[in-house]
Structure formats: C-alpha cells, structure tokens
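Visitor: Attaching a single structure in structure tokens format; questions to follow.
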Amino acid sequence: MSDSTEAKLRAMEARLQALEDQVAIYQLMTSYGPSVDSLNEDLTASLWTEDGVYDPGGTPFKGTAGLVSLVRGKVHNDYVKKGSAHLTSFPHVKVDGDTAVATCYSQLFIHQEGEHWRAERTSSNRWELVRTPQGWKIKLRTNRLLTGSEEAKALLKKGFPPKK
Amino acid sequence: MSDSTEAKLRAMEARLQALEDQVAIYQLMTSYGPSVDSLNEDLTASLWTEDGVYDPGGTPFKGTAGLVSLVRGKVHNDYVKKGSAHLTSFPHVKVDGDTAVATCYSQLFIHQEGEHWRAERTSSNRWELVRTPQGWKIKLRTNRLLTGSEEAKALLKKGFPPKK
Amino acid sequence: MSDSTEAKLRAMEARLQALEDQVAIYQLMTSYGPSVDSLNEDLTASLWTEDGVYDPGGTPFKGTAGLVSLVRGKVHNDYVKKGSAHLTSFPHVKVDGDTAVATCYSQLFIHQEGEHWRAERTSSNRWELVRTPQGWKIKLRTNRLLTGSEEAKALLKKGFPPKK
C-alpha cells in the first residue's frame with residue numbers, strides 16, 4: 001500500500017469512528033427509558049460505569065447498587081404501575097476523544113384518569129459519558145426540573161461553551 | 001490494488017453501510033408522523049412492505065389497503081381536524097443484516113380548547129423492519145398504550161435481550 | 001495509488017460526507033431548544049445565517065438582530081421564568097448538495113401550578129438549511145400551530161414530494 005493511500009485510509013477511518021461514536025451514544029441514551037419503564041434493572045445499571053452517578057435532584061443514585069435501587073424503589077414502581085413513559089429528547093452530543101457530553105431534555109409522562117398522559121416532570125439534562133472497553137457509558141447524568149431555576153438553565157448553557 | 005488495501009476498503013465499506021442503515025431507518029421512522037398528520041396516505045402506505053402490518057392494539061391494519069384505510073378513517077380524520085401531532089420518540093435501533101428492530105415511544109397530541117395540546121395516547125413501540133430493493137420498510141409495527149399493562153412493558157423489554 | 005483505489009476512496013468519501021452532513025444538521029437542530037431555554041442569545045442567533053428568518057406565525061424574526069430580540073423579548077422571558085422546554089422532535093432530514101430540508105414537530109412545554117408541564121404549543125416545522133463556510137445554518141424555519149389548519153398540514157406534506 002502506498003503512503004498516500006495509507007494516509008487517506010487513516011483519515012477516513014477517523015471520520016468513520018467519529019460517526020460510530022455518535023450513533024453508539026444515541027443507542028446508549030435511547031436505552032434508558034425502555035429500561036426503567038420495563039423494570040429492566042440490569043439494563044439500567046449497565047448504562048452507567050460501575051461508579052457512575054445519576055443525579056436527578058435530591059439524593060443522587062450512585063453506582064450499580066444505587067441504580068438498581070432506583071428501579072426497585074416504591075416511587076418508581078408506582079409510576080410504572082400507573083403507566084409511565086420516560087422520554088429522552090433528541091440530544092446534542094459533543095464527543096471529545098474518550099469523553100462526551102450530551103445535552104437534552106427528559107420528560108416523565110404518567111397515565112391519568114380519563115385516558116390521557118401528563119408530563120409530571122420536564123427537566124434539562126447533561127450526560128457526561130466515557131468510552132470504556134464495554135462501549136460508551138454514563139459517568140454522570142444530571143437532570144434539573146425546568147421550574148425557572150437558574151440551576152436548570154445552567155445545565156443547558158454548560159453544553160454550549162462559547163467558541164474561542 | 002494490493003490485497004491489504006482491498007481488505008481495508010471492504011472493512012470500511014461494511015462500517016459505512018451499517019451507519020447508512022441506521023440513518024435510513026431514522027428517515028423511515030420520522031416519515032410516519034408527518035405522513036398521517038398531513039393525510040398523505042400514499043406516503044404512509046409506502047413505509048410498510050406490501051403485506052406489512054400496523055398493530056396499535058385492537059384490529060391491526062394490514063397491507064397497503066389497511067394502511068390507506070387508517071389514514072382515510074373517521075377516527076383519524078377527526079384527530080387531524082382538531083389538530084394532531086403523531087410523535088415518534090428518538091428510537092433505539094438494532095440492525096442485524098437485512099432485518100432490524102426499533103424500540104421507542106409514540107405519542108398522539110391533540111389540540112384542546114384553551115390553546116394547549118394533550119397527550120391522548122402514549123405507547124411503547126416495537127418496529128420490525130426489513131431491507132427491500134426499495135429500501136428499509138416496516139414489516140410489523142406494534143404499539144401498546146402505557147397504562148401499566150404487562151403487554152406494554154414487554155414490548156420495551158423485548159428490544160433489549162440479555163447479552164450472552 | 002491506482003486509479004481503481006482512487007475511485008473507490010472518492011466514492012466512500014462522498015458517502016462519509018453525506019453521513020457527516022446528516023449528523024451536523026442533527027447537532028444544529030438540537031442546539032435550538034437549549035439556546036432559547038437558557039437565554040443564550042448568541043447561540044440562538046448563530047444557528048441562522050446572518051439574513052436567516054424564523055417564522056413561527058405572526059411577524060417573522062429576521063436576521064441576527066431579530067433572533068436576539070426573540071430571546072430578549074418579554075413573551076419569551078415570561079416562559080423561561082415559569083420554566084420552559086422548547087422541544088424539537090427527531091427530524092426527517094433530506095440533504096441535497098449544499099441545501100437541506102428538515103421536517104419535524106416542535107413543542108413548548110411550560111411549568112404549571114400543581115407540578116406538571118403542559119404543551120402550550122405544538123407545531124409542524126420546516127427548516128430550510130444551507131451549508132456555509134461556518135457549517136450548516138438555518139436560512140428559513142417555519143412553524144405552524146397544529147390546530148387543524150391547512151397551512152400546518154401543508155408544511156408537513158411539503159417535506160415529502162411524490163417520487164417520480
């Protein structure tokens with residue numbers, strides 16, 4: 001193989017890898033809702049690193065044991081019994097080598113009497129992700145309810161630092 | 001072309017194809033809502049194979065004639081007259097050769113008096129897709145209302161079989 | 001490099017570029033919500049070309065000054081104070097050389113008393129995009145409220161012209 005062919009192939013492979021990272025992160029993020037709404041605690045926990053943190057406000061859920069406890073908890077099971085959809089909006093994802101940040105919204109819709117569903121939560125989201133030998137995982141996911149608080153707005157703003 | 005160049009190109013082409021499949025399926029899935037909300041029955045029907053099935057609970061819509069009847073039906077036209085948005089959530093998509101499975105949520109928002117929109121339906125979704133000479137098509141789409149039923153949860157769980 | 005290798009590389013590069021365009025447009029579109037919900041007027045304005053237009057019904061917002069005035073306006077700031085989420089649905093995106101069209105839905109959820117969020121707006125969307133030296137930008141974004149109007153349906157239909 002000539003040097004120029006080799007160089008071209010390497011450049012294209014880097015571009016392919018960047019696209020694959022983007023899609024792999026999409027796949028990770030779209031697994032969360034189905035995992036918690038079907039009480040698939042193994043799947044939920046597997047989305048985070050072993051020491052990963054989910055901080056939706058209040059006491060954070062830490063590590064595999066913490067995430068399993070979220071899925072097994074009474075609050076969550078009451079939602080699922082009523083009928084729940086944990087929606088993750090189409091995210092903005094910036095990959096930087098072996099880490100990435102996703103900025104998006106999450107909503108929790110719960111089935112109501114009279115056959116409709118209501119957004120009981122609507123939050124700003126920041127997902128800090130890492131590449132691991134087992135693929136992309138969540139290191140820290142932070143949500144804040146969009147009630148007008150500065151904290152919720154700051155999460156959205158942080159995902160888009162000013163360009164130098 | 002040397003053997004090693006040829007092999008590298010083939011490997012990269014397979015990775016490109018996988019990404020193109022992912023995006024083609026995204027394009028298919030994001031066509032559904034606009035097709036039914038604009039009463040574009042030809043577009044709706046074209047998203048399925050000729051013998052494809054849409055099973056949203058109740059009697060399934062079968063094949064091109066069935067899908068056209070859905071778009072032309074009174075129930076659907078009443079929604080569209082009031083003002084409807086058939087939303088498909090950002091999906092998890094697993095491609096396996098010439099078939100694929102997408103797992104996601106769908107919601108039907110209807111315009112209400114007092115200028116707001118309400119989720120009249122929120123469902124778990126499983127889309128079974130096939131590659132055809134005319135591109136990716138839906139072979140079977142199944143939705144179940146998220147009312148706490150086991151069936152609705154099972155659709156979400158089925159998309160994520162345990163890793164061996 | 002042999003002619004056949006060169007040709008194969010060129011063909012693959014075009015396919016890579018098409019996928020990169022798709023993802024770049026996804027990144028542009030997922031920046032809008034976070035920009036307005038965090039009052040990041042510089043980011044909002046940067047999503048449009050300098051003479052770009054945002055036409056959500058009523059008087060359109062024109063150019064950088066118009067978009068900044070949208071973010072600074074009283075109507076918008078009242079939403080943000082209450083707690084707002086400007087959601088863009090997963091879009092259908094057709095790229096054609098240096099222009100592209102995205103068809104999707106947008107929703108504005110506002111925090112209500114009694115701790116829930118309500119869709120105060122649900123609109124059909126058409127985003128007309130252009131490739132610039134600074135990346136993909138919005139040239140014209142048009143939204144129409146889904147209240148059953150022909151105009152709102154036409155926006156959705158226009159994104160899917162019949163295949164010849």
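We name chains A, B, ... following the order of the structure tokens; residues begin at 1 in each chain, and ligands are numbered from 1 as shown.
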Contacts between chain C and chain B, please, where a residue of chain B counts if it comes within 8 Å (with only C-alpha atoms); show its shortest atom pair and distance in Å to one decimal, rows by chain and ascending number, as CSV.

Guide:
residue,atom,partner,partner_atom,distance
B:Met1,CA,C:Thr5,CA,6.2
B:Leu9,CA,C:Leu9,CA,8.0
B:Glu13,CA,C:Met12,CA,7.3
B:Leu16,CA,C:Leu16,CA,7.2
B:Leu19,CA,C:Leu19,CA,7.7
B:Glu20,CA,C:Leu19,CA,7.2
B:Val23,CA,C:Leu19,CA,7.9
B:Tyr26,CA,C:His92,CA,7.6
B:Gln27,CA,C:His92,CA,5.5
B:Thr30,CA,C:His92,CA,5.2
B:Ser31,CA,C:His92,CA,6.5
B:Pro34,CA,C:Leu156,CA,5.2
B:Ser35,CA,C:Lys157,CA,7.0
B:Asp37,CA,C:Lys153,CA,6.6
B:Ser38,CA,C:Lys153,CA,4.7
B:Asn40,CA,C:Lys157,CA,7.0
B:Leu43,CA,C:Phe160,CA,7.9
B:Val80,CA,C:Gly148,CA,5.9
B:Lys81,CA,C:Gly148,CA,4.6
B:Lys82,CA,C:Gly148,CA,5.1
B:Gly83,CA,C:Gly148,CA,4.0
B:Ser84,CA,C:Leu146,CA,6.1
B:Ala85,CA,C:Leu146,CA,7.1
B:Leu87,CA,C:Ser89,CA,7.3
B:Thr88,CA,C:Phe90,CA,7.5
B:Ser89,CA,C:Phe90,CA,6.8
B:Phe90,CA,C:Phe90,CA,5.7
B:His111,CA,C:Thr147,CA,6.0
B:Glu115,CA,C:Glu120,CA,6.6
B:His116,CA,C:Glu120,CA,4.5
B:Trp117,CA,C:Ala119,CA,5.3
B:Arg118,CA,C:Ala119,CA,6.8

Visitor: Could you find all residues in stretch 3-89 of chain A that DSSP calls alpha helix (DSSP H) from the backbone, and write them as a PyMOL selection string?

Guide: chain A and resi 3-37+41-46+63-72+74-82

Visitor: Out of A:Thr59, A:Val71, A:Asp42, A:Tyr79, which residue has the shortest atom-to-atom distance to A:Gln112 when counting only C-alpha atoms?

Guide: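 Closest candidate: A:Tyr79.
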
Visitor: Enumerate the residues of chain B with a DSSP assignment of strand (DSSP E), computed from the backbone, and present them as a PyMOL selection string.

Guide: chain B and resi 48-55+61-62+84-88+92-96+99-112+116-132+135-145

Visitor: How many Å lie between atom CA of C:Pro56 and atom CA of C:Leu129, rounded to one decimal?

Guide: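 Atom CA of C:Pro56 sits 16.0 Å away from atom CA of C:Leu129.
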
Visitor: When you count only C-alpha atoms, which of these residues is closest to A:Thr49: A:Leu67, A:His86, A:Gly114, A:Gly33?

Guide: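 Checking each candidate against A:Thr49, we get A:Leu67 as the closest.
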
Visitor: One decimal, Å: what's the distance from atom CA of C:His76 over to atom CA of C:Ala102, could you say?

Guide: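 Result for atom CA of C:His76 versus atom CA of C:Ala102: 24.1 Å, one decimal.
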
Visitor: I'd like the interatomic distance between atom CA of A:Val68 and atom CA of A:Ala45, to a tenth of an Å.

Guide: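 About the pair atom CA of A:Val68 and atom CA of A:Ala45: they are 6.2 Å apart.
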
Visitor: List as a ChimeraX atom specification the protein and nucleic acid residues near A:Trp136, meaning an atom at most 12 Å away when only C-alpha atoms are counted, but skip any in the same chain fewer than 6 places from it.

Guide: /A:20-29,46-49,95,97-101,127-130

Visitor: Include N, CA, C and O atoms and write out the residues we just selected as a JSON list (two decimals), in the first residue's frame.

Guide:
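Dumped to again.json:
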[["chain", "number", "residue", "atom", "x", "y", "z"],
["A", 20, "GLU", "N", -19.45, 6.62, 14.25],
["A", 20, "GLU", "CA", -19.84, 5.45, 15.05],
["A", 20, "GLU", "C", -20.00, 5.82, 16.52],
["A", 20, "GLU", "O", -20.89, 5.30, 17.21],
["A", 21, "ASP", "N", -19.14, 6.70, 17.01],
["A", 21, "ASP", "CA", -19.27, 7.16, 18.41],
["A", 21, "ASP", "C", -20.61, 7.87, 18.60],
["A", 21, "ASP", "O", -21.31, 7.63, 19.59],
["A", 22, "GLN", "N", -20.94, 8.74, 17.67],
["A", 22, "GLN", "CA", -22.20, 9.48, 17.75],
["A", 22, "GLN", "C", -23.38, 8.50, 17.84],
["A", 22, "GLN", "O", -24.24, 8.63, 18.73],
["A", 23, "VAL", "N", -23.41, 7.54, 16.95],
["A", 23, "VAL", "CA", -24.52, 6.58, 16.93],
["A", 23, "VAL", "C", -24.52, 5.70, 18.18],
["A", 23, "VAL", "O", -25.58, 5.39, 18.75],
["A", 24, "ALA", "N", -23.33, 5.30, 18.63],
["A", 24, "ALA", "CA", -23.26, 4.46, 19.84],
["A", 24, "ALA", "C", -23.84, 5.21, 21.04],
["A", 24, "ALA", "O", -24.52, 4.63, 21.90],
["A", 25, "ILE", "N", -23.59, 6.51, 21.10],
["A", 25, "ILE", "CA", -24.12, 7.32, 22.21],
["A", 25, "ILE", "C", -25.64, 7.48, 22.05],
["A", 25, "ILE", "O", -26.38, 7.41, 23.03],
["A", 26, "TYR", "N", -26.11, 7.63, 20.83],
["A", 26, "TYR", "CA", -27.57, 7.64, 20.60],
["A", 26, "TYR", "C", -28.18, 6.33, 21.13],
["A", 26, "TYR", "O", -29.23, 6.34, 21.78],
["A", 27, "GLN", "N", -27.53, 5.21, 20.83],
["A", 27, "GLN", "CA", -28.06, 3.91, 21.25],
["A", 27, "GLN", "C", -28.09, 3.79, 22.78],
["A", 27, "GLN", "O", -29.04, 3.25, 23.35],
["A", 28, "LEU", "N", -27.04, 4.28, 23.41],
["A", 28, "LEU", "CA", -26.98, 4.26, 24.88],
["A", 28, "LEU", "C", -28.14, 5.08, 25.47],
["A", 28, "LEU", "O", -28.87, 4.62, 26.36],
["A", 29, "MET", "N", -28.31, 6.29, 24.94],
["A", 29, "MET", "CA", -29.30, 7.20, 25.53],
["A", 29, "MET", "C", -30.74, 6.73, 25.30],
["A", 29, "MET", "O", -31.61, 6.94, 26.15],
["A", 46, "SER", "N", -26.43, -1.21, 33.62],
["A", 46, "SER", "CA", -25.34, -1.40, 32.64],
["A", 46, "SER", "C", -25.06, -0.15, 31.81],
["A", 46, "SER", "O", -24.04, -0.07, 31.13],
["A", 47, "LEU", "N", -25.99, 0.82, 31.84],
["A", 47, "LEU", "CA", -25.78, 2.04, 31.05],
["A", 47, "LEU", "C", -24.74, 2.96, 31.70],
["A", 47, "LEU", "O", -24.15, 3.79, 31.05],
["A", 48, "TRP", "N", -24.56, 2.80, 33.02],
["A", 48, "TRP", "CA", -23.58, 3.62, 33.76],
["A", 48, "TRP", "C", -22.28, 2.84, 33.96],
["A", 48, "TRP", "O", -22.29, 1.61, 33.92],
["A", 49, "THR", "N", -21.19, 3.55, 34.21],
["A", 49, "THR", "CA", -19.97, 2.89, 34.68],
["A", 49, "THR", "C", -20.27, 2.35, 36.09],
["A", 49, "THR", "O", -21.25, 2.76, 36.72],
["A", 95, "VAL", "N", -18.57, 14.81, 21.16],
["A", 95, "VAL", "CA", -17.56, 13.81, 21.51],
["A", 95, "VAL", "C", -16.19, 14.48, 21.48],
["A", 95, "VAL", "O", -15.88, 15.24, 20.57],
["A", 97, "GLY", "N", -12.58, 12.87, 22.02],
["A", 97, "GLY", "CA", -11.72, 11.73, 22.34],
["A", 97, "GLY", "C", -12.49, 10.63, 23.06],
["A", 97, "GLY", "O", -13.43, 10.07, 22.49],
["A", 98, "ASP", "N", -12.12, 10.36, 24.30],
["A", 98, "ASP", "CA", -12.76, 9.25, 25.04],
["A", 98, "ASP", "C", -13.82, 9.73, 26.01],
["A", 98, "ASP", "O", -14.26, 8.98, 26.88],
["A", 99, "THR", "N", -14.20, 11.00, 25.91],
["A", 99, "THR", "CA", -15.31, 11.51, 26.72],
["A", 99, "THR", "C", -16.29, 12.23, 25.80],
["A", 99, "THR", "O", -15.96, 12.57, 24.67],
["A", 100, "ALA", "N", -17.48, 12.42, 26.31],
["A", 100, "ALA", "CA", -18.50, 13.11, 25.52],
["A", 100, "ALA", "C", -19.50, 13.75, 26.47],
["A", 100, "ALA", "O", -19.62, 13.33, 27.63],
["A", 101, "VAL", "N", -20.18, 14.78, 25.98],
["A", 101, "VAL", "CA", -21.25, 15.43, 26.75],
["A", 101, "VAL", "C", -22.50, 15.48, 25.89],
["A", 101, "VAL", "O", -22.44, 15.90, 24.74],
["A", 127, "TRP", "N", -25.53, 14.78, 30.25],
["A", 127, "TRP", "CA", -24.99, 13.43, 30.41],
["A", 127, "TRP", "C", -23.49, 13.50, 30.12],
["A", 127, "TRP", "O", -23.11, 13.84, 29.00],
["A", 128, "GLU", "N", -22.67, 13.13, 31.10],
["A", 128, "GLU", "CA", -21.22, 13.08, 30.87],
["A", 128, "GLU", "C", -20.85, 11.62, 30.65],
["A", 128, "GLU", "O", -21.11, 10.76, 31.51],
["A", 129, "LEU", "N", -20.27, 11.34, 29.50],
["A", 129, "LEU", "CA", -20.09, 9.97, 29.04],
["A", 129, "LEU", "C", -18.61, 9.64, 28.89],
["A", 129, "LEU", "O", -17.79, 10.54, 28.66],
["A", 130, "VAL", "N", -18.29, 8.37, 29.04],
["A", 130, "VAL", "CA", -16.90, 7.92, 28.84],
["A", 130, "VAL", "C", -16.87, 6.67, 27.98],
["A", 130, "VAL", "O", -17.76, 5.82, 28.05]]
